[in-house]
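Engineer: To be precise about what I am sending: the file is called work.cif and holds mmCIF, C-alpha atoms, pLDDT in the B column; chains and numbers go by the auth columns.
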data_work
loop_
_atom_site.group_PDB
_atom_site.id
_atom_site.type_symbol
_atom_site.label_atom_id
_atom_site.label_comp_id
_atom_site.label_asym_id
_atom_site.label_seq_id
_atom_site.Cartn_x
_atom_site.Cartn_y
_atom_site.Cartn_z
_atom_site.B_iso_or_equiv
_atom_site.auth_seq_id
_atom_site.auth_asym_id
ATOM 1 C CA MET A 1 115.972 89.948 106.952 84.00 1 A
ATOM 2 C CA ASP A 2 113.869 88.582 104.079 93.00 2 A
ATOM 3 C CA LYS A 3 114.810 85.998 101.525 98.00 3 A
ATOM 4 C CA VAL A 4 114.940 86.970 97.853 98.00 4 A
ATOM 5 C CA ASN A 5 113.324 84.795 95.202 98.00 5 A
ATOM 6 C CA LEU A 6 114.968 85.506 91.864 98.00 6 A
ATOM 7 C CA ALA A 7 111.990 84.553 89.669 98.00 7 A
ATOM 8 C CA GLU A 8 109.712 86.828 91.656 98.00 8 A
ATOM 9 C CA LYS A 9 112.132 89.758 91.444 98.00 9 A
ATOM 10 C CA PHE A 10 112.709 89.322 87.714 98.00 10 A
ATOM 11 C CA SER A 11 108.941 89.397 87.142 98.00 11 A
ATOM 12 C CA LEU A 12 108.820 92.946 88.534 97.00 12 A
ATOM 13 C CA PHE A 13 110.649 94.706 85.710 97.00 13 A
ATOM 14 C CA SER A 14 111.193 94.389 81.996 97.00 14 A
ATOM 15 C CA GLU A 15 113.640 97.097 80.909 96.00 15 A
ATOM 16 C CA TYR A 16 117.047 96.071 79.681 97.00 16 A
ATOM 17 C CA TRP A 17 120.427 97.281 80.940 96.00 17 A
ATOM 18 C CA SER A 18 118.921 98.719 84.105 94.00 18 A
ATOM 19 C CA PRO A 19 120.243 96.774 87.120 95.00 19 A
ATOM 20 C CA LYS A 20 118.119 96.692 90.266 96.00 20 A
ATOM 21 C CA ILE A 21 119.581 96.351 93.738 96.00 21 A
ATOM 22 C CA ALA A 22 118.341 93.109 95.316 97.00 22 A
ATOM 23 C CA GLY A 23 120.713 92.896 98.255 97.00 23 A
ATOM 24 C CA GLU A 24 123.662 94.487 99.997 96.00 24 A
ATOM 25 C CA LEU A 25 126.461 92.935 102.016 95.00 25 A
ATOM 26 C CA ASN A 26 129.880 94.101 103.131 94.00 26 A
ATOM 27 C CA GLY A 27 129.677 97.179 100.924 93.00 27 A
ATOM 28 C CA GLN A 28 128.828 95.085 97.871 94.00 28 A
ATOM 29 C CA HIS A 29 125.587 95.121 95.931 95.00 29 A
ATOM 30 C CA VAL A 30 123.719 92.144 94.546 97.00 30 A
ATOM 31 C CA LYS A 31 121.999 93.394 91.416 97.00 31 A
ATOM 32 C CA LEU A 32 119.509 91.790 89.065 98.00 32 A
ATOM 33 C CA ALA A 33 119.428 92.819 85.434 97.00 33 A
ATOM 34 C CA LYS A 34 117.951 91.835 82.093 98.00 34 A
ATOM 35 C CA PHE A 35 120.234 92.252 79.122 98.00 35 A
ATOM 36 C CA LYS A 36 119.367 92.146 75.442 98.00 36 A
ATOM 37 C CA GLY A 37 121.402 93.537 72.574 97.00 37 A
ATOM 38 C CA GLU A 38 124.857 95.065 72.676 97.00 38 A
ATOM 39 C CA PHE A 39 126.077 97.101 75.618 95.00 39 A
ATOM 40 C CA VAL A 40 128.872 99.642 75.461 94.00 40 A
ATOM 41 C CA TRP A 41 132.597 98.925 75.767 96.00 41 A
ATOM 42 C CA HIS A 42 133.774 99.960 79.216 95.00 42 A
ATOM 43 C CA LYS A 43 135.935 99.083 82.193 94.00 43 A
ATOM 44 C CA HIS A 44 135.781 99.627 85.932 94.00 44 A
ATOM 45 C CA ASP A 45 139.070 101.064 87.138 93.00 45 A
ATOM 46 C CA HIS A 46 138.655 100.058 90.774 93.00 46 A
ATOM 47 C CA GLU A 47 136.061 97.292 90.910 94.00 47 A
ATOM 48 C CA ASP A 48 135.972 93.628 89.977 96.00 48 A
ATOM 49 C CA GLU A 49 132.584 92.593 88.613 96.00 49 A
ATOM 50 C CA MET A 50 130.869 89.224 88.690 97.00 50 A
ATOM 51 C CA PHE A 51 128.273 88.090 86.163 98.00 51 A
ATOM 52 C CA PHE A 52 126.164 85.082 87.190 98.00 52 A
ATOM 53 C CA ILE A 53 123.731 83.802 84.582 98.00 53 A
ATOM 54 C CA VAL A 54 120.293 82.979 85.999 98.00 54 A
ATOM 55 C CA ASP A 55 118.803 82.171 82.609 98.00 55 A
ATOM 56 C CA GLY A 56 119.789 82.559 78.978 98.00 56 A
ATOM 57 C CA THR A 57 123.136 83.069 77.290 98.00 57 A
ATOM 58 C CA LEU A 58 125.473 86.047 77.588 98.00 58 A
ATOM 59 C CA LYS A 59 128.582 86.764 75.598 98.00 59 A
ATOM 60 C CA ILE A 60 131.170 88.954 77.209 98.00 60 A
ATOM 61 C CA GLU A 61 133.525 90.372 74.649 98.00 61 A
ATOM 62 C CA PHE A 62 137.064 91.311 75.560 98.00 62 A
ATOM 63 C CA ARG A 63 139.592 92.972 73.296 97.00 63 A
ATOM 64 C CA ASP A 64 141.298 89.631 72.647 97.00 64 A
ATOM 65 C CA LYS A 65 138.565 87.015 73.127 97.00 65 A
ATOM 66 C CA THR A 66 134.907 86.344 73.852 98.00 66 A
ATOM 67 C CA VAL A 67 133.562 84.291 76.761 98.00 67 A
ATOM 68 C CA THR A 68 130.107 82.739 76.355 98.00 68 A
ATOM 69 C CA LEU A 69 128.205 82.202 79.596 98.00 69 A
ATOM 70 C CA HIS A 70 125.226 79.911 80.017 98.00 70 A
ATOM 71 C CA LYS A 71 122.761 79.358 82.839 98.00 71 A
ATOM 72 C CA ASN A 72 124.446 78.627 86.181 98.00 72 A
ATOM 73 C CA GLU A 73 127.825 79.853 85.024 98.00 73 A
ATOM 74 C CA PHE A 74 129.684 82.910 86.235 98.00 74 A
ATOM 75 C CA LEU A 75 132.626 85.052 85.238 98.00 75 A
ATOM 76 C CA ILE A 76 134.571 87.574 87.280 98.00 76 A
ATOM 77 C CA VAL A 77 135.870 90.475 85.220 97.00 77 A
ATOM 78 C CA PRO A 78 138.866 92.001 87.008 97.00 78 A
ATOM 79 C CA LYS A 79 139.122 95.725 87.499 96.00 79 A
ATOM 80 C CA GLY A 80 140.638 97.606 84.597 96.00 80 A
ATOM 81 C CA VAL A 81 139.715 95.052 81.935 97.00 81 A
ATOM 82 C CA GLU A 82 137.693 96.409 79.019 97.00 82 A
ATOM 83 C CA HIS A 83 134.599 94.368 78.249 97.00 83 A
ATOM 84 C CA ARG A 84 131.292 94.513 76.442 97.00 84 A
ATOM 85 C CA PRO A 85 128.283 92.322 77.304 97.00 85 A
ATOM 86 C CA VAL A 86 126.295 91.143 74.284 98.00 86 A
ATOM 87 C CA ALA A 87 123.052 89.159 74.443 98.00 87 A
ATOM 88 C CA GLU A 88 121.411 87.910 71.262 98.00 88 A
ATOM 89 C CA ASN A 89 118.294 87.013 73.263 98.00 89 A
ATOM 90 C CA GLU A 90 117.116 88.119 76.669 98.00 90 A
ATOM 91 C CA VAL A 91 119.346 86.967 79.495 98.00 91 A
ATOM 92 C CA LEU A 92 118.743 87.191 83.246 98.00 92 A
ATOM 93 C CA VAL A 93 121.848 88.146 85.180 98.00 93 A
ATOM 94 C CA MET A 94 122.803 88.458 88.841 98.00 94 A
ATOM 95 C CA LEU A 95 125.688 90.876 89.367 97.00 95 A
ATOM 96 C CA PHE A 96 128.022 91.271 92.320 96.00 96 A
ATOM 97 C CA GLU A 97 130.048 94.422 92.593 92.00 97 A
ATOM 98 C CA PRO A 98 130.898 97.181 95.038 91.00 98 A
ATOM 99 C CA ALA A 99 128.116 99.602 95.843 87.00 99 A
ATOM 100 C CA THR A 100 130.165 102.296 94.118 84.00 100 A
ATOM 101 C CA THR A 101 130.154 100.605 90.703 86.00 101 A
ATOM 102 C CA LEU A 102 128.661 102.512 87.757 87.00 102 A
ATOM 103 C CA ASN A 103 127.134 100.216 85.134 91.00 103 A
ATOM 104 C CA THR A 104 129.012 101.757 82.222 91.00 104 A
ATOM 105 C CA GLY A 105 132.243 102.166 84.168 91.00 105 A
ATOM 106 C CA ASP A 106 134.482 104.778 82.564 90.00 106 A
ATOM 107 C CA THR A 107 132.171 105.263 79.570 89.00 107 A
ATOM 108 C CA GLU A 108 129.286 107.563 80.370 86.00 108 A
ATOM 109 C CA ASN A 109 126.491 107.685 77.823 89.00 109 A
ATOM 110 C CA GLU A 110 122.717 107.300 77.560 87.00 110 A
ATOM 111 C CA LEU A 111 122.945 103.805 79.059 88.00 111 A
ATOM 112 C CA THR A 112 124.574 105.093 82.252 91.00 112 A
ATOM 113 C CA LYS A 113 122.453 104.639 85.385 90.00 113 A
ATOM 114 C CA HIS A 114 123.515 106.928 88.204 85.00 114 A
ATOM 115 C CA GLN A 115 120.671 105.951 90.496 85.00 115 A
ATOM 116 C CA LEU A 116 119.544 102.333 90.761 88.00 116 A
ATOM 117 C CA ASP A 117 116.181 101.205 92.064 89.00 117 A
ATOM 118 C CA ARG A 118 115.956 98.700 94.864 91.00 118 A
ATOM 119 C CA ILE A 119 113.743 95.774 94.118 90.00 119 A
ATOM 120 C CA MET B 1 139.948 84.826 83.475 84.00 1 B
ATOM 121 C CA ASP B 2 137.946 81.627 83.115 93.00 2 B
ATOM 122 C CA LYS B 3 134.241 81.109 83.551 98.00 3 B
ATOM 123 C CA VAL B 4 132.976 78.852 86.316 98.00 4 B
ATOM 124 C CA ASN B 5 130.305 76.237 85.637 98.00 5 B
ATOM 125 C CA LEU B 6 128.551 75.398 88.899 98.00 6 B
ATOM 126 C CA ALA B 7 127.491 71.861 87.955 98.00 7 B
ATOM 127 C CA GLU B 8 131.045 71.003 86.944 98.00 8 B
ATOM 128 C CA LYS B 9 132.500 72.396 90.174 98.00 9 B
ATOM 129 C CA PHE B 10 129.951 70.639 92.382 98.00 10 B
ATOM 130 C CA SER B 11 130.827 67.326 90.682 98.00 11 B
ATOM 131 C CA LEU B 12 134.392 67.627 91.983 97.00 12 B
ATOM 132 C CA PHE B 13 133.699 67.119 95.687 97.00 13 B
ATOM 133 C CA SER B 14 131.273 65.322 97.930 97.00 14 B
ATOM 134 C CA GLU B 15 132.069 66.268 101.537 96.00 15 B
ATOM 135 C CA TYR B 16 129.576 68.297 103.491 97.00 16 B
ATOM 136 C CA TRP B 17 130.209 71.574 105.345 96.00 17 B
ATOM 137 C CA SER B 18 133.498 72.120 103.558 94.00 18 B
ATOM 138 C CA PRO B 19 133.226 75.243 101.367 95.00 19 B
ATOM 139 C CA LYS B 20 135.506 75.514 98.333 96.00 20 B
ATOM 140 C CA ILE B 21 136.688 78.817 96.921 96.00 21 B
ATOM 141 C CA ALA B 22 135.383 79.213 93.374 97.00 22 B
ATOM 142 C CA GLY B 23 136.104 82.888 92.842 97.00 23 B
ATOM 143 C CA GLU B 24 137.415 86.057 94.399 96.00 24 B
ATOM 144 C CA LEU B 25 136.468 89.675 93.809 95.00 25 B
ATOM 145 C CA ASN B 26 136.967 92.877 95.747 94.00 26 B
ATOM 146 C CA GLY B 27 138.237 91.003 98.781 93.00 27 B
ATOM 147 C CA GLN B 28 135.195 88.741 98.806 94.00 28 B
ATOM 148 C CA HIS B 29 135.124 85.010 98.178 95.00 29 B
ATOM 149 C CA VAL B 30 132.606 83.075 96.145 97.00 30 B
ATOM 150 C CA LYS B 31 132.386 79.662 97.778 97.00 31 B
ATOM 151 C CA LEU B 32 130.603 76.475 96.796 98.00 32 B
ATOM 152 C CA ALA B 33 129.441 74.073 99.485 97.00 33 B
ATOM 153 C CA LYS B 34 127.309 70.998 100.013 98.00 34 B
ATOM 154 C CA PHE B 35 125.315 70.927 103.221 98.00 35 B
ATOM 155 C CA LYS B 36 123.504 68.024 104.807 98.00 36 B
ATOM 156 C CA GLY B 37 122.420 67.699 108.414 97.00 37 B
ATOM 157 C CA GLU B 38 122.644 70.280 111.166 97.00 38 B
ATOM 158 C CA PHE B 39 125.465 72.772 111.372 95.00 39 B
ATOM 159 C CA VAL B 40 126.547 74.571 114.538 94.00 40 B
ATOM 160 C CA TRP B 41 125.038 77.758 115.951 96.00 41 B
ATOM 161 C CA HIS B 42 127.379 80.655 115.227 95.00 42 B
ATOM 162 C CA LYS B 43 127.660 84.262 114.144 94.00 43 B
ATOM 163 C CA HIS B 44 130.166 86.348 112.252 94.00 44 B
ATOM 164 C CA ASP B 45 130.967 89.485 114.207 93.00 45 B
ATOM 165 C CA HIS B 46 132.268 91.494 111.278 93.00 46 B
ATOM 166 C CA GLU B 47 130.963 89.885 108.119 94.00 47 B
ATOM 167 C CA ASP B 48 127.615 89.698 106.373 96.00 48 B
ATOM 168 C CA GLU B 49 127.082 86.350 104.691 96.00 49 B
ATOM 169 C CA MET B 50 124.992 85.472 101.648 97.00 50 B
ATOM 170 C CA PHE B 51 123.504 82.034 101.001 98.00 51 B
ATOM 171 C CA PHE B 52 122.328 81.389 97.439 98.00 52 B
ATOM 172 C CA ILE B 53 120.625 78.052 96.838 98.00 53 B
ATOM 173 C CA VAL B 54 121.785 76.337 93.649 98.00 54 B
ATOM 174 C CA ASP B 55 119.753 73.187 94.296 98.00 55 B
ATOM 175 C CA GLY B 56 117.782 71.705 97.162 98.00 56 B
ATOM 176 C CA THR B 57 116.252 73.243 100.271 98.00 57 B
ATOM 177 C CA LEU B 58 118.062 74.888 103.175 98.00 58 B
ATOM 178 C CA LYS B 59 116.607 76.001 106.453 98.00 59 B
ATOM 179 C CA ILE B 60 118.440 78.752 108.274 98.00 60 B
ATOM 180 C CA GLU B 61 117.449 78.855 111.906 98.00 61 B
ATOM 181 C CA PHE B 62 117.617 82.071 113.887 98.00 62 B
ATOM 182 C CA ARG B 63 116.938 82.467 117.577 97.00 63 B
ATOM 183 C CA ASP B 64 113.453 83.826 116.817 97.00 64 B
ATOM 184 C CA LYS B 65 112.492 82.318 113.457 97.00 65 B
ATOM 185 C CA THR B 66 113.443 79.958 110.655 98.00 66 B
ATOM 186 C CA VAL B 67 113.815 80.930 106.998 98.00 67 B
ATOM 187 C CA THR B 68 113.413 78.169 104.405 98.00 68 B
ATOM 188 C CA LEU B 69 115.313 78.718 101.175 98.00 69 B
ATOM 189 C CA HIS B 70 114.646 76.931 97.918 98.00 70 B
ATOM 190 C CA LYS B 71 116.492 76.795 94.601 98.00 71 B
ATOM 191 C CA ASN B 72 117.231 80.231 93.156 98.00 72 B
ATOM 192 C CA GLU B 73 116.550 82.022 96.410 98.00 73 B
ATOM 193 C CA PHE B 74 119.057 83.829 98.584 98.00 74 B
ATOM 194 C CA LEU B 75 119.305 85.270 102.061 98.00 75 B
ATOM 195 C CA ILE B 76 121.815 87.720 103.469 98.00 76 B
ATOM 196 C CA VAL B 77 122.585 87.107 107.141 97.00 77 B
ATOM 197 C CA PRO B 78 123.846 90.353 108.670 97.00 78 B
ATOM 198 C CA LYS B 79 126.976 90.396 110.794 96.00 79 B
ATOM 199 C CA GLY B 80 126.399 89.587 114.433 96.00 80 B
ATOM 200 C CA VAL B 81 123.224 87.551 113.913 97.00 81 B
ATOM 201 C CA GLU B 82 123.313 84.029 115.323 97.00 82 B
ATOM 202 C CA HIS B 83 122.223 81.393 112.848 97.00 83 B
ATOM 203 C CA ARG B 84 122.334 77.691 112.163 97.00 84 B
ATOM 204 C CA PRO B 85 121.973 76.134 108.704 97.00 85 B
ATOM 205 C CA VAL B 86 120.013 72.879 108.642 98.00 86 B
ATOM 206 C CA ALA B 87 119.502 70.675 105.581 98.00 87 B
ATOM 207 C CA GLU B 88 117.297 67.609 105.747 98.00 88 B
ATOM 208 C CA ASN B 89 118.600 66.506 102.362 98.00 89 B
ATOM 209 C CA GLU B 90 121.685 67.506 100.415 98.00 90 B
ATOM 210 C CA VAL B 91 121.649 71.126 99.302 98.00 91 B
ATOM 211 C CA LEU B 92 124.047 72.907 96.952 98.00 92 B
ATOM 212 C CA VAL B 93 124.926 76.400 98.110 98.00 93 B
ATOM 213 C CA MET B 94 126.872 79.327 96.707 98.00 94 B
ATOM 214 C CA LEU B 95 128.204 81.614 99.451 97.00 95 B
ATOM 215 C CA PHE B 96 129.410 85.199 99.246 96.00 96 B
ATOM 216 C CA GLU B 97 131.423 86.571 102.108 92.00 97 B
ATOM 217 C CA PRO B 98 134.673 88.367 102.842 91.00 98 B
ATOM 218 C CA ALA B 99 137.838 86.368 102.325 87.00 99 B
ATOM 219 C CA THR B 100 138.392 86.591 106.090 84.00 100 B
ATOM 220 C CA THR B 101 135.217 84.722 107.021 87.00 101 B
ATOM 221 C CA LEU B 102 135.554 81.528 109.058 87.00 102 B
ATOM 222 C CA ASN B 103 132.777 79.016 108.342 90.00 103 B
ATOM 223 C CA THR B 104 131.843 78.524 111.985 91.00 104 B
ATOM 224 C CA GLY B 105 132.253 82.200 112.877 91.00 105 B
ATOM 225 C CA ASP B 106 132.749 82.638 116.604 90.00 106 B
ATOM 226 C CA THR B 107 132.190 78.940 117.355 89.00 107 B
ATOM 227 C CA GLU B 108 135.297 76.865 116.731 86.00 108 B
ATOM 228 C CA ASN B 109 134.836 73.122 116.746 89.00 109 B
ATOM 229 C CA GLU B 110 135.518 70.059 114.617 88.00 110 B
ATOM 230 C CA LEU B 111 133.537 71.591 111.767 88.00 111 B
ATOM 231 C CA THR B 112 135.798 74.646 111.588 92.00 112 B
ATOM 232 C CA LYS B 113 137.788 74.943 108.349 90.00 113 B
ATOM 233 C CA HIS B 114 140.790 77.220 108.676 85.00 114 B
ATOM 234 C CA GLN B 115 142.112 76.491 105.222 85.00 115 B
ATOM 235 C CA LEU B 116 139.769 76.226 102.254 88.00 116 B
ATOM 236 C CA ASP B 117 140.598 74.528 98.991 89.00 117 B
ATOM 237 C CA ARG B 118 140.234 76.360 95.735 91.00 118 B
ATOM 238 C CA ILE B 119 138.195 74.537 93.171 90.00 119 B
#
Just dump the structure as structure tokens.
Structural biologist:
Amino acid sequence: MDKVNLAEKFSLFSEYWSPKIAGELNGQHVKLAKFKGEFVWHKHDHEDEMFFIVDGTLKIEFRDKTVTLHKNEFLIVPKGVEHRPVAENEVLVMLFEPATTLNTGDTENELTKHQLDRI
Amino acid sequence: MDKVNLAEKFSLFSEYWSPKIAGELNGQHVKLAKFKGEFVWHKHDHEDEMFFIVDGTLKIEFRDKTVTLHKNEFLIVPKGVEHRPVAENEVLVMLFEPATTLNTGDTENELTKHQLDRI
């Protein structure tokens, strides 16, 4: 049972769109990720997904609006809702989602990560 | 689907040891709480519990050790593990736990909150 220091964990990797597992509880994963650029449109049919911004600014596009998230803000995207994360500059994100969640949801492409590293 | 700004939410209440529900996903609650002083020893028989420190310093005492958490650090306390949060000064905490979790776990007393406000 060790504590997790976010700054330390984020210093251990640099690749974008590649979430790392930093914790697990009640079948949910806590993931840390760096985003930069435009991700792919996707949805998660069975999983709600929470984006908490540790540093930077993240836009989450929906089909009918865009939500802009700043440091120390979070958004829960309900299951089934199409979304696309977009980050003009690097953003540090903490994600909460079921252990079963695939990063690209129902859209498999070269960004899809089937196996996530633990950090 | 609205974003949550932690600073704004924390400005809305002042009482200690009274978690507020700030979000819900996959049967889990995201709770915001202010701690100050010594809580009660307790455990959660069926629920892991995550403490994320938004600001301040929190000590979590266990029967065999104490873990000190600072801003932007988190600790997951596994189900069944006795613990007691202690805060010398005010600390702002974001909690993740199943919607069924009672704040004092198996120890019901005057600190027990059966009904949590949404914020």
Engineer: Please report as a ChimeraX atom specification which residues of chain B come no farther than 6 Å from chain A, using only C-alpha atoms.
Structural biologist: /B:3-6,25-26,48,72-75
Engineer: Which residues come within 12 Å of Lys65 (chain A), counting only C-alpha atoms, excluding same-chain residues fewer than 6 positions away, as a ChimeraX atom specification?
Structural biologist: /A:59,81-84 /B:1-2
Engineer: With C-alpha atoms retained, could you export that selection as a PDB file, keeping the file's coordinate frame?
Structural biologist:
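Output contents, as saved in part-v8.pdb:
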ATOM      1  CA  LYS A  59     128.582  86.764  75.598  1.00 98.00           C
ATOM      2  CA  VAL A  81     139.715  95.052  81.935  1.00 97.00           C
ATOM      3  CA  GLU A  82     137.693  96.409  79.019  1.00 97.00           C
ATOM      4  CA  HIS A  83     134.599  94.368  78.249  1.00 97.00           C
ATOM      5  CA  ARG A  84     131.292  94.513  76.442  1.00 97.00           C
TER       6      ARG A  84
ATOM      7  CA  MET B   1     139.948  84.826  83.475  1.00 84.00           C
ATOM      8  CA  ASP B   2     137.946  81.627  83.115  1.00 93.00           C
TER       9      ASP B   2
END
Engineer: What gap, in Å, lies between CA of Trp17 (chain A) and CA of Asp64 (chain A)?
Structural biologist: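 Interatomic distance here is 23.7 Å.
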Engineer: Please write as a VMD selection string the full residue list that the PyMOL selection byres ((chain B and resi 18-21) around 10) yields on this file.
Structural biologist: chain B and resid 9 to 10 13 to 17 22 to 24 29 to 35 93 to 96 99 103 111 to 113 115 to 119
Engineer: Please, could you write that set of residues out with C-alpha atoms as a compact mmCIF listing (two decimals), in the coordinates of the input?
Structural biologist:
# COMPACT_ATOMS: atom_id res chain seq x y z
CA LYS B 9 132.50 72.40 90.17
CA PHE B 10 129.95 70.64 92.38
CA PHE B 13 133.70 67.12 95.69
CA SER B 14 131.27 65.32 97.93
CA GLU B 15 132.07 66.27 101.54
CA TYR B 16 129.58 68.30 103.49
CA TRP B 17 130.21 71.57 105.34
CA ALA B 22 135.38 79.21 93.37
CA GLY B 23 136.10 82.89 92.84
CA GLU B 24 137.42 86.06 94.40
CA HIS B 29 135.12 85.01 98.18
CA VAL B 30 132.61 83.08 96.14
CA LYS B 31 132.39 79.66 97.78
CA LEU B 32 130.60 76.47 96.80
CA ALA B 33 129.44 74.07 99.48
CA LYS B 34 127.31 71.00 100.01
CA PHE B 35 125.32 70.93 103.22
CA VAL B 93 124.93 76.40 98.11
CA MET B 94 126.87 79.33 96.71
CA LEU B 95 128.20 81.61 99.45
CA PHE B 96 129.41 85.20 99.25
CA ALA B 99 137.84 86.37 102.32
CA ASN B 103 132.78 79.02 108.34
CA LEU B 111 133.54 71.59 111.77
CA THR B 112 135.80 74.65 111.59
CA LYS B 113 137.79 74.94 108.35
CA GLN B 115 142.11 76.49 105.22
CA LEU B 116 139.77 76.23 102.25
CA ASP B 117 140.60 74.53 98.99
CA ARG B 118 140.23 76.36 95.74
CA ILE B 119 138.20 74.54 93.17
Engineer: Mind pulling up the distance from CA of Ile53 (chain B) to CA of Trp41 (chain B)?
Structural biologist: 19.6 Å
Engineer: Find the spatial neighbours of Asn109 (chain A), counting all atoms listed in the file, within a cut-off of 12 Å - ignore same-chain residues fewer than 4 positions away - and output them as number ranges by chain.
Structural biologist: A: 39-42, 102-105, 113-114
Engineer: Between CA of Glu88 (chain A) and CA of Glu110 (chain A), what is the distance, to one decimal in Å?
Structural biologist: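 Atom-to-atom, CA of Glu88 (chain A) and CA of Glu110 (chain A) are spaced 20.4 Å apart.
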Engineer: Using all atoms listed in the file - which residues lie no farther than 6 Å from the point (122.8, 69.3, 105.3) in the file's frame? Write them as a PyMOL selection string.
Structural biologist: chain B and resi 35-38+86-90
